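Asker: mmCIF, C-alpha atoms, file model_24.cif:
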data_input
loop_
_atom_site.group_PDB
_atom_site.id
_atom_site.type_symbol
_atom_site.label_atom_id
_atom_site.label_comp_id
_atom_site.auth_asym_id
_atom_site.auth_seq_id
_atom_site.Cartn_x
_atom_site.Cartn_y
_atom_site.Cartn_z
ATOM 1 C CA MET A 465 -18.901 25.678 47.956
ATOM 2 C CA GLN A 466 -16.021 27.504 49.514
ATOM 3 C CA PHE A 467 -14.323 24.245 50.502
ATOM 4 C CA ILE A 468 -14.090 22.981 46.908
ATOM 5 C CA SER A 469 -10.673 23.650 45.461
ATOM 6 C CA GLN A 470 -10.080 25.013 41.986
ATOM 7 C CA ARG A 471 -9.173 21.516 40.735
ATOM 8 C CA MET A 472 -12.431 20.042 41.960
ATOM 9 C CA TRP A 473 -14.693 22.716 40.415
ATOM 10 C CA PRO A 474 -14.946 21.155 36.886
ATOM 11 C CA ILE A 475 -15.857 17.793 38.425
ATOM 12 C CA ARG A 476 -18.526 19.430 40.543
ATOM 13 C CA ARG A 477 -19.818 21.365 37.573
ATOM 14 C CA LEU A 478 -20.162 18.205 35.447
ATOM 15 C CA SER A 479 -22.039 16.396 38.184
ATOM 16 C CA LEU A 480 -24.757 19.053 38.408
ATOM 17 C CA GLY A 481 -26.776 17.443 35.617
ATOM 18 C CA THR A 482 -27.284 17.242 31.896
ATOM 19 C CA ARG A 483 -28.204 20.891 31.575
ATOM 20 C CA THR A 484 -24.725 21.983 32.662
ATOM 21 C CA GLN A 485 -23.102 19.328 30.451
ATOM 22 C CA THR A 486 -25.008 20.633 27.470
ATOM 23 C CA ARG A 487 -23.747 24.131 28.107
ATOM 24 C CA LEU A 488 -20.191 22.858 28.369
ATOM 25 C CA PHE A 489 -20.276 20.954 25.066
ATOM 26 C CA ASN A 490 -22.244 23.462 22.985
ATOM 27 C CA ASN A 491 -19.258 25.781 22.723
ATOM 28 C CA ARG A 492 -17.174 23.153 20.890
ATOM 29 C CA PRO A 493 -16.931 22.997 17.105
ATOM 30 C CA PRO A 494 -19.045 20.240 15.479
ATOM 31 C CA TYR A 495 -17.517 16.777 15.336
ATOM 32 C CA GLN A 496 -15.837 16.014 12.040
ATOM 33 C CA ARG A 497 -15.444 12.326 11.332
ATOM 34 C CA PHE A 498 -12.432 11.616 9.100
ATOM 35 C CA ASN A 499 -12.136 15.334 8.290
ATOM 36 C CA ASN A 500 -15.483 15.222 6.432
ATOM 37 C CA LYS A 501 -13.963 13.558 3.389
ATOM 38 C CA GLN A 502 -16.193 13.000 0.390
ATOM 39 C CA LYS A 503 -17.744 9.628 -0.248
ATOM 40 C CA PHE A 504 -15.561 7.569 -2.575
ATOM 41 C CA TRP A 505 -18.117 7.652 -5.389
ATOM 42 C CA GLN A 506 -18.199 11.455 -5.237
ATOM 43 C CA THR A 507 -14.510 11.849 -6.017
ATOM 44 C CA ARG A 508 -13.135 12.653 -9.435
ATOM 45 C CA THR A 509 -10.618 9.801 -9.240
ATOM 46 C CA PHE A 510 -13.396 7.234 -8.818
ATOM 47 C CA TRP A 511 -15.212 8.440 -11.930
ATOM 48 C CA TYR A 512 -12.026 8.600 -14.015
ATOM 49 C CA THR A 513 -11.127 5.047 -12.960
ATOM 50 C CA THR A 514 -14.654 3.751 -13.561
ATOM 51 C CA GLY A 515 -14.886 5.433 -16.958
ATOM 52 C CA THR A 516 -11.475 4.187 -18.066
ATOM 53 C CA GLY A 517 -12.306 0.641 -16.954
ATOM 54 C CA THR A 518 -15.651 0.708 -18.741
ATOM 55 C CA VAL A 519 -14.155 1.978 -21.999
ATOM 56 C CA CYS A 520 -11.314 -0.573 -21.882
ATOM 57 C CA GLY A 521 -13.792 -3.373 -21.119
ATOM 58 C CA ALA A 522 -16.041 -2.356 -24.016
ATOM 59 C CA ILE A 523 -13.092 -2.257 -26.431
ATOM 60 C CA TYR A 524 -11.893 -5.687 -25.236
ATOM 61 C CA TYR A 525 -15.398 -7.123 -25.612
ATOM 62 C CA GLN A 526 -15.878 -5.699 -29.107
ATOM 63 C CA SER A 527 -12.491 -6.956 -30.267
ATOM 64 C CA HIS A 528 -13.290 -10.538 -29.159
ATOM 65 C CA LEU A 529 -16.677 -10.875 -30.864
ATOM 66 C CA GLU A 530 -16.765 -13.400 -33.704
ATOM 67 C CA ASP A 531 -19.472 -14.581 -36.055
ATOM 68 C CA SER A 532 -20.679 -18.133 -35.465
ATOM 69 C CA PRO A 533 -21.684 -20.504 -38.297
ATOM 70 C CA THR A 534 -25.345 -19.770 -37.530
ATOM 71 C CA GLY A 535 -24.806 -16.040 -38.070
ATOM 72 C CA ARG A 536 -24.868 -14.926 -34.426
ATOM 73 C CA ARG A 537 -22.073 -12.883 -32.909
ATOM 74 C CA ARG A 538 -20.523 -14.459 -29.820
ATOM 75 C CA PHE A 539 -17.794 -13.551 -27.368
ATOM 76 C CA ILE A 540 -14.705 -15.761 -27.733
ATOM 77 C CA ASN A 541 -12.123 -15.132 -25.034
ATOM 78 C CA VAL A 542 -9.741 -17.968 -25.979
ATOM 79 C CA SER A 543 -8.643 -18.513 -29.572
ATOM 80 C CA SER A 544 -8.908 -21.963 -31.155
ATOM 81 C CA ALA A 545 -5.103 -22.376 -31.150
ATOM 82 C CA GLU A 546 -4.934 -21.640 -27.415
ATOM 83 C CA GLU A 547 -7.836 -24.005 -26.800
ATOM 84 C CA THR A 548 -6.055 -26.814 -28.696
ATOM 85 C CA GLN A 549 -2.870 -26.191 -26.727
ATOM 86 C CA LEU A 550 -4.749 -26.258 -23.395
ATOM 87 C CA GLY A 551 -6.483 -29.511 -24.393
ATOM 88 C CA ALA A 552 -3.171 -31.173 -25.294
ATOM 89 C CA SER A 553 -1.647 -30.024 -22.003
ATOM 90 C CA ALA A 554 -4.606 -31.401 -20.018
ATOM 91 C CA TYR A 555 -4.358 -34.709 -21.906
ATOM 92 C CA MET A 556 -0.640 -35.007 -21.119
ATOM 93 C CA GLN A 557 -1.254 -34.284 -17.419
ATOM 94 C CA THR A 558 -4.041 -36.868 -17.273
ATOM 95 C CA MET A 559 -1.885 -39.496 -18.978
ATOM 96 C CA ALA A 560 1.060 -38.754 -16.666
ATOM 97 C CA THR A 561 -1.128 -39.140 -13.589
ATOM 98 C CA TYR A 562 -3.277 -42.154 -14.571
ATOM 99 C CA ARG A 563 -1.080 -43.935 -17.143
ATOM 100 C CA PHE A 564 -1.120 -47.326 -15.427
ATOM 101 C CA GLN A 565 -4.717 -47.147 -14.190
ATOM 102 C CA ILE A 566 -6.349 -46.826 -17.627
ATOM 103 C CA VAL A 567 -7.891 -50.029 -18.955
ATOM 104 C CA PRO A 568 -6.578 -50.896 -22.479
ATOM 105 C CA HIS A 569 -8.940 -51.367 -25.447
ATOM 106 C CA THR A 570 -9.787 -55.068 -25.917
#
Go ahead and render the structure in this file as structure tokens.
Answerer:
Amino acid sequence: MQFISQRMWPIRRLSLGTRTQTRLFNNRPPYQRFNNKQKFWQTRTFWYTTGTGTVCGAIYYQSHLEDSPTGRRRFINVSSAEETQLGASAYMQTMATYRFQIVPHT
């Protein structure tokens, strides 16, 4: 042991076995992964965002409910005017694309 220099002593000490390694590492503070941050669902910001989104979604849903002719309430996301406009736009695109490929009425 006298021939081992001061620089070599830690290497020799680690190679003595697991018992010595355990003693070396037990004096360290416990490992903290990502500074022990809270889980995302445990944060206040998550619950504020979730609550705000839920309330806004419920208000949007309630404001778009309409009564059908049969008496049921149903969710209508697109108004009838917007639906008519989308249908006319789709018709114009179809006619522009397939104008000369459509068979005439005979």
Asker: Could you tell me how far atom CA of Ile523 of chain A lies from atom CA of Arg538 of chain A, in Å and to one decimal?
Answerer: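 Straight-line distance from atom CA of Ile523 of chain A to atom CA of Arg538 of chain A works out to 14.7 Å.
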Asker: Between atom CA of Arg563 of chain A and atom CA of Ala545 of chain A, what is the distance, to one decimal in Å?
Answerer: 26.0 Å
Asker: Using only C-alpha atoms, which protein or nucleic acid residues come within 12 Å of Ser544 of chain A? Drop anything in the same chain fewer than 6 positions from it, and give the result as a list of chain:residue names.
Answerer: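 What passes the distance filter is A:Glu530, A:Leu550, A:Gly551.
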Asker: I'd like to see the residues matched by the PyMOL selection byres ((chain A and resi 539) around 9) on this file, and ideally I'd get them as a list in words.
Answerer: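 Against this file, the PyMOL selection byres ((chain A and resi 539) around 9) returns the residues Tyr525, Gln526, Ser527, His528, Leu529, Glu530, Asp531, Arg537, Arg538, Ile540 and Asn541 of chain A.
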Asker: Between atom CA of Gln549 of chain A and atom CA of Ser532 of chain A, measure the distance and give it in Å to one decimal.
Answerer: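 Straight-line distance from atom CA of Gln549 of chain A to atom CA of Ser532 of chain A works out to 21.4 Å.
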